[in-house]
Every structure is written in structure tokens, then in C-alpha cells.
Amino acid sequence: MYEFYFEKLEVWQNARILNKDVYLLTSKFPKEELFAIVSQLRRATSSIAANTSEGMSRETSKEKKRFLNIAYALAMEVINFLNLSLDFLTEVEYRDIRSKIEHITNQLRALSKKV
């Protein structure tokens, strides 16, 4: 099977893992949050990988950077919703997800500079 360029990127692979982790983590949230914080967290997290893949398929550096910037902004959105979710998370869960997001944001910035 052919592997596309974006699939080889460590940042995309990390975003995919983060997406899985957020889905598992939010499955433990109260049912009342399903269409609120859970929905927002899941959509923002999956969009990090989506925008990274879309951006790296664009022709120009300007377009690539625009989508990588969107992915970065979505990571900030995820951090915001994580902070709003502190009542539903243990300290360990929060720190684990937070460190993964911080690593991804660093990777996105580095990739954007490289493009």
C-alpha cells in the first residue's frame, strides 16, 4: 500500500495518537458533556491531523504554512478545552495529554519554518 508524505511525518503520527488518546479519555466524561466539551475536544483534536495532512498536500509553501498554522491554532483550542475539563481529569491524565499537545505544537512550528 502506498504511503503518502503526510503519513510519514512524525507530527501527523503524533496527532493521530493524540486523537485516539482524547477519544479514550473523553469516553469517561459525564454523559451531559457529550455534546459540549467532549464534542469540541474530539473535533479539534481530529482536525489537527486533518489540517496537517491537507496542508502538506498543498502546492505552495504559503498554503502549507496556512494549514499548519490552523493545526497549531486547533492545538491551542484543545488546550483550552482540556483546561475547562480539569474537573473530569486526573492530574496524570491532564499532564500526559498536555505534554503530547505541547510536543505537537513544537513540531508544527518547526515544520512550518522548514516549509
# chains A, B, ... in the order shown; residues from 1 in each chain; ligands from 1
>>> closest_atom_pairs(of="region 13-65 of chain A", to="region 87-110 of chain A", cutoff="9 Å", atoms="only C-alpha atoms", output="JSON lines")
{"residue": "A:Asn14", "atom": "CA", "partner": "A:Ile104", "partner_atom": "CA", "distance": 6.8}
{"residue": "A:Ala15", "atom": "CA", "partner": "A:Ile104", "partner_atom": "CA", "distance": 6.9}
{"residue": "A:Leu18", "atom": "CA", "partner": "A:Lys100", "partner_atom": "CA", "distance": 7.0}
{"residue": "A:Asp21", "atom": "CA", "partner": "A:Ile97", "partner_atom": "CA", "distance": 7.7}
{"residue": "A:Val22", "atom": "CA", "partner": "A:Ile97", "partner_atom": "CA", "distance": 7.8}
{"residue": "A:Leu25", "atom": "CA", "partner": "A:Glu93", "partner_atom": "CA", "distance": 8.0}
{"residue": "A:Thr26", "atom": "CA", "partner": "A:Phe88", "partner_atom": "CA", "distance": 8.8}
{"residue": "A:Lys28", "atom": "CA", "partner": "A:Phe88", "partner_atom": "CA", "distance": 8.2}
{"residue": "A:Phe29", "atom": "CA", "partner": "A:Phe88", "partner_atom": "CA", "distance": 6.2}
{"residue": "A:Pro30", "atom": "CA", "partner": "A:Phe88", "partner_atom": "CA", "distance": 8.0}
{"residue": "A:Thr52", "atom": "CA", "partner": "A:Leu108", "partner_atom": "CA", "distance": 8.3}
>>> write_last_selection(atoms="C-alpha atoms", output="PDB file, in the first residue's frame")
ATOM      1  CA  ASN A  14       1.662  12.015  16.960  1.00  0.00           C
ATOM      2  CA  ALA A  15      -1.553  13.893  16.163  1.00  0.00           C
ATOM      3  CA  LEU A  18      -3.344  12.141  20.403  1.00  0.00           C
ATOM      4  CA  ASP A  21      -5.977   9.208  23.413  1.00  0.00           C
ATOM      5  CA  VAL A  22      -8.512  12.036  23.568  1.00  0.00           C
ATOM      6  CA  LEU A  25     -10.100   9.898  27.751  1.00  0.00           C
ATOM      7  CA  THR A  26     -13.363  11.647  26.910  1.00  0.00           C
ATOM      8  CA  LYS A  28     -15.080   8.586  30.682  1.00  0.00           C
ATOM      9  CA  PHE A  29     -16.608  12.092  30.847  1.00  0.00           C
ATOM     10  CA  PRO A  30     -20.150  12.560  32.154  1.00  0.00           C
ATOM     11  CA  THR A  52      -1.592  18.813   8.809  1.00  0.00           C
TER      12      THR A  52
END
>>> closest_residue(among="A:Arg16, A:Leu34, A:Leu9, A:Ala44", to="Phe81 (chain A)", atoms="only C-alpha atoms")
A:Ala44
>>> closest_residue(among="A:Val78, A:Leu84, A:Leu68, A:Val115", to="Val11 (chain A)", atoms="only C-alpha atoms")
A:Leu68
>>> decode(residues="region 102-114 of chain A", atoms="all heavy atoms", output="PDB file, in the first residue's frame")
ATOM      1  N   GLU A 102       1.799  19.847  23.623  1.00  0.00           N
ATOM      2  CA  GLU A 102       2.940  20.768  23.566  1.00  0.00           C
ATOM      3  C   GLU A 102       3.998  20.262  22.594  1.00  0.00           C
ATOM      4  O   GLU A 102       4.579  21.042  21.839  1.00  0.00           O
ATOM      5  CB  GLU A 102       3.523  20.971  24.961  1.00  0.00           C
ATOM      6  CG  GLU A 102       2.633  21.803  25.857  1.00  0.00           C
ATOM      7  CD  GLU A 102       3.122  21.890  27.289  1.00  0.00           C
ATOM      8  OE1 GLU A 102       4.216  21.379  27.610  1.00  0.00           O
ATOM      9  OE2 GLU A 102       2.406  22.487  28.113  1.00  0.00           O
ATOM     10  N   HIS A 103       4.237  18.965  22.590  1.00  0.00           N
ATOM     11  CA  HIS A 103       5.206  18.383  21.662  1.00  0.00           C
ATOM     12  C   HIS A 103       4.740  18.570  20.217  1.00  0.00           C
ATOM     13  O   HIS A 103       5.528  18.954  19.343  1.00  0.00           O
ATOM     14  CB  HIS A 103       5.415  16.904  21.979  1.00  0.00           C
ATOM     15  CG  HIS A 103       6.442  16.242  21.133  1.00  0.00           C
ATOM     16  ND1 HIS A 103       7.781  16.599  21.160  1.00  0.00           N
ATOM     17  CD2 HIS A 103       6.336  15.253  20.216  1.00  0.00           C
ATOM     18  CE1 HIS A 103       8.439  15.856  20.289  1.00  0.00           C
ATOM     19  NE2 HIS A 103       7.585  15.025  19.694  1.00  0.00           N
ATOM     20  N   ILE A 104       3.467  18.346  19.971  1.00  0.00           N
ATOM     21  CA  ILE A 104       2.904  18.516  18.627  1.00  0.00           C
ATOM     22  C   ILE A 104       2.999  19.975  18.185  1.00  0.00           C
ATOM     23  O   ILE A 104       3.341  20.253  17.030  1.00  0.00           O
ATOM     24  CB  ILE A 104       1.452  17.995  18.584  1.00  0.00           C
ATOM     25  CG1 ILE A 104       1.459  16.462  18.682  1.00  0.00           C
ATOM     26  CG2 ILE A 104       0.728  18.465  17.326  1.00  0.00           C
ATOM     27  CD1 ILE A 104       0.099  15.842  18.930  1.00  0.00           C
ATOM     28  N   THR A 105       2.722  20.910  19.076  1.00  0.00           N
ATOM     29  CA  THR A 105       2.810  22.326  18.686  1.00  0.00           C
ATOM     30  C   THR A 105       4.244  22.699  18.327  1.00  0.00           C
ATOM     31  O   THR A 105       4.463  23.454  17.373  1.00  0.00           O
ATOM     32  CB  THR A 105       2.273  23.268  19.783  1.00  0.00           C
ATOM     33  OG1 THR A 105       3.010  23.075  20.987  1.00  0.00           O
ATOM     34  CG2 THR A 105       0.789  23.057  20.019  1.00  0.00           C
ATOM     35  N   ASN A 106       5.199  22.168  19.054  1.00  0.00           N
ATOM     36  CA  ASN A 106       6.605  22.418  18.723  1.00  0.00           C
ATOM     37  C   ASN A 106       6.947  21.836  17.350  1.00  0.00           C
ATOM     38  O   ASN A 106       7.656  22.457  16.553  1.00  0.00           O
ATOM     39  CB  ASN A 106       7.532  21.842  19.792  1.00  0.00           C
ATOM     40  CG  ASN A 106       7.445  22.597  21.096  1.00  0.00           C
ATOM     41  OD1 ASN A 106       7.084  23.771  21.138  1.00  0.00           O
ATOM     42  ND2 ASN A 106       7.758  21.925  22.184  1.00  0.00           N
ATOM     43  N   GLN A 107       6.445  20.645  17.083  1.00  0.00           N
ATOM     44  CA  GLN A 107       6.693  20.006  15.790  1.00  0.00           C
ATOM     45  C   GLN A 107       6.038  20.794  14.650  1.00  0.00           C
ATOM     46  O   GLN A 107       6.626  20.952  13.580  1.00  0.00           O
ATOM     47  CB  GLN A 107       6.169  18.578  15.786  1.00  0.00           C
ATOM     48  CG  GLN A 107       6.959  17.631  16.648  1.00  0.00           C
ATOM     49  CD  GLN A 107       6.361  16.241  16.630  1.00  0.00           C
ATOM     50  OE1 GLN A 107       5.163  16.057  16.836  1.00  0.00           O
ATOM     51  NE2 GLN A 107       7.205  15.254  16.375  1.00  0.00           N
ATOM     52  N   LEU A 108       4.822  21.277  14.876  1.00  0.00           N
ATOM     53  CA  LEU A 108       4.136  22.063  13.845  1.00  0.00           C
ATOM     54  C   LEU A 108       4.900  23.347  13.530  1.00  0.00           C
ATOM     55  O   LEU A 108       5.045  23.724  12.364  1.00  0.00           O
ATOM     56  CB  LEU A 108       2.704  22.395  14.287  1.00  0.00           C
ATOM     57  CG  LEU A 108       1.714  21.245  14.267  1.00  0.00           C
ATOM     58  CD1 LEU A 108       0.435  21.616  15.001  1.00  0.00           C
ATOM     59  CD2 LEU A 108       1.432  20.810  12.826  1.00  0.00           C
ATOM     60  N   ARG A 109       5.389  24.013  14.554  1.00  0.00           N
ATOM     61  CA  ARG A 109       6.175  25.243  14.341  1.00  0.00           C
ATOM     62  C   ARG A 109       7.465  24.937  13.580  1.00  0.00           C
ATOM     63  O   ARG A 109       7.826  25.666  12.663  1.00  0.00           O
ATOM     64  CB  ARG A 109       6.493  25.923  15.677  1.00  0.00           C
ATOM     65  CG  ARG A 109       5.327  26.651  16.266  1.00  0.00           C
ATOM     66  CD  ARG A 109       4.931  27.802  15.369  1.00  0.00           C
ATOM     67  NE  ARG A 109       3.827  28.511  15.924  1.00  0.00           N
ATOM     68  CZ  ARG A 109       2.811  28.998  15.213  1.00  0.00           C
ATOM     69  NH1 ARG A 109       2.779  28.828  13.917  1.00  0.00           N
ATOM     70  NH2 ARG A 109       1.831  29.625  15.792  1.00  0.00           N
ATOM     71  N   ALA A 110       8.136  23.884  13.947  1.00  0.00           N
ATOM     72  CA  ALA A 110       9.373  23.512  13.266  1.00  0.00           C
ATOM     73  C   ALA A 110       9.112  23.154  11.796  1.00  0.00           C
ATOM     74  O   ALA A 110       9.860  23.561  10.903  1.00  0.00           O
ATOM     75  CB  ALA A 110      10.051  22.346  13.977  1.00  0.00           C
ATOM     76  N   LEU A 111       8.046  22.413  11.549  1.00  0.00           N
ATOM     77  CA  LEU A 111       7.706  22.039  10.186  1.00  0.00           C
ATOM     78  C   LEU A 111       7.331  23.267   9.367  1.00  0.00           C
ATOM     79  O   LEU A 111       7.740  23.379   8.199  1.00  0.00           O
ATOM     80  CB  LEU A 111       6.554  21.028  10.193  1.00  0.00           C
ATOM     81  CG  LEU A 111       6.097  20.491   8.838  1.00  0.00           C
ATOM     82  CD1 LEU A 111       7.256  19.818   8.089  1.00  0.00           C
ATOM     83  CD2 LEU A 111       4.930  19.514   9.028  1.00  0.00           C
ATOM     84  N   SER A 112       6.620  24.174   9.971  1.00  0.00           N
ATOM     85  CA  SER A 112       6.224  25.401   9.270  1.00  0.00           C
ATOM     86  C   SER A 112       7.450  26.223   8.868  1.00  0.00           C
ATOM     87  O   SER A 112       7.509  26.773   7.768  1.00  0.00           O
ATOM     88  CB  SER A 112       5.299  26.233  10.165  1.00  0.00           C
ATOM     89  OG  SER A 112       4.843  27.360   9.479  1.00  0.00           O
ATOM     90  N   LYS A 113       8.443  26.273   9.740  1.00  0.00           N
ATOM     91  CA  LYS A 113       9.670  27.004   9.412  1.00  0.00           C
ATOM     92  C   LYS A 113      10.453  26.317   8.315  1.00  0.00           C
ATOM     93  O   LYS A 113      11.124  26.965   7.514  1.00  0.00           O
ATOM     94  CB  LYS A 113      10.542  27.148  10.666  1.00  0.00           C
ATOM     95  CG  LYS A 113       9.999  28.131  11.661  1.00  0.00           C
ATOM     96  CD  LYS A 113      10.878  28.211  12.894  1.00  0.00           C
ATOM     97  CE  LYS A 113      10.253  29.154  13.914  1.00  0.00           C
ATOM     98  NZ  LYS A 113      11.063  29.252  15.132  1.00  0.00           N
ATOM     99  N   LYS A 114      10.372  24.993   8.274  1.00  0.00           N
ATOM    100  CA  LYS A 114      11.105  24.206   7.289  1.00  0.00           C
ATOM    101  C   LYS A 114      10.492  24.317   5.884  1.00  0.00           C
ATOM    102  O   LYS A 114      11.191  24.248   4.888  1.00  0.00           O
ATOM    103  CB  LYS A 114      11.136  22.741   7.736  1.00  0.00           C
ATOM    104  CG  LYS A 114      11.893  21.813   6.823  1.00  0.00           C
ATOM    105  CD  LYS A 114      11.839  20.397   7.350  1.00  0.00           C
ATOM    106  CE  LYS A 114      12.455  19.436   6.345  1.00  0.00           C
ATOM    107  NZ  LYS A 114      12.309  18.056   6.760  1.00  0.00           N
TER     108      LYS A 114
END
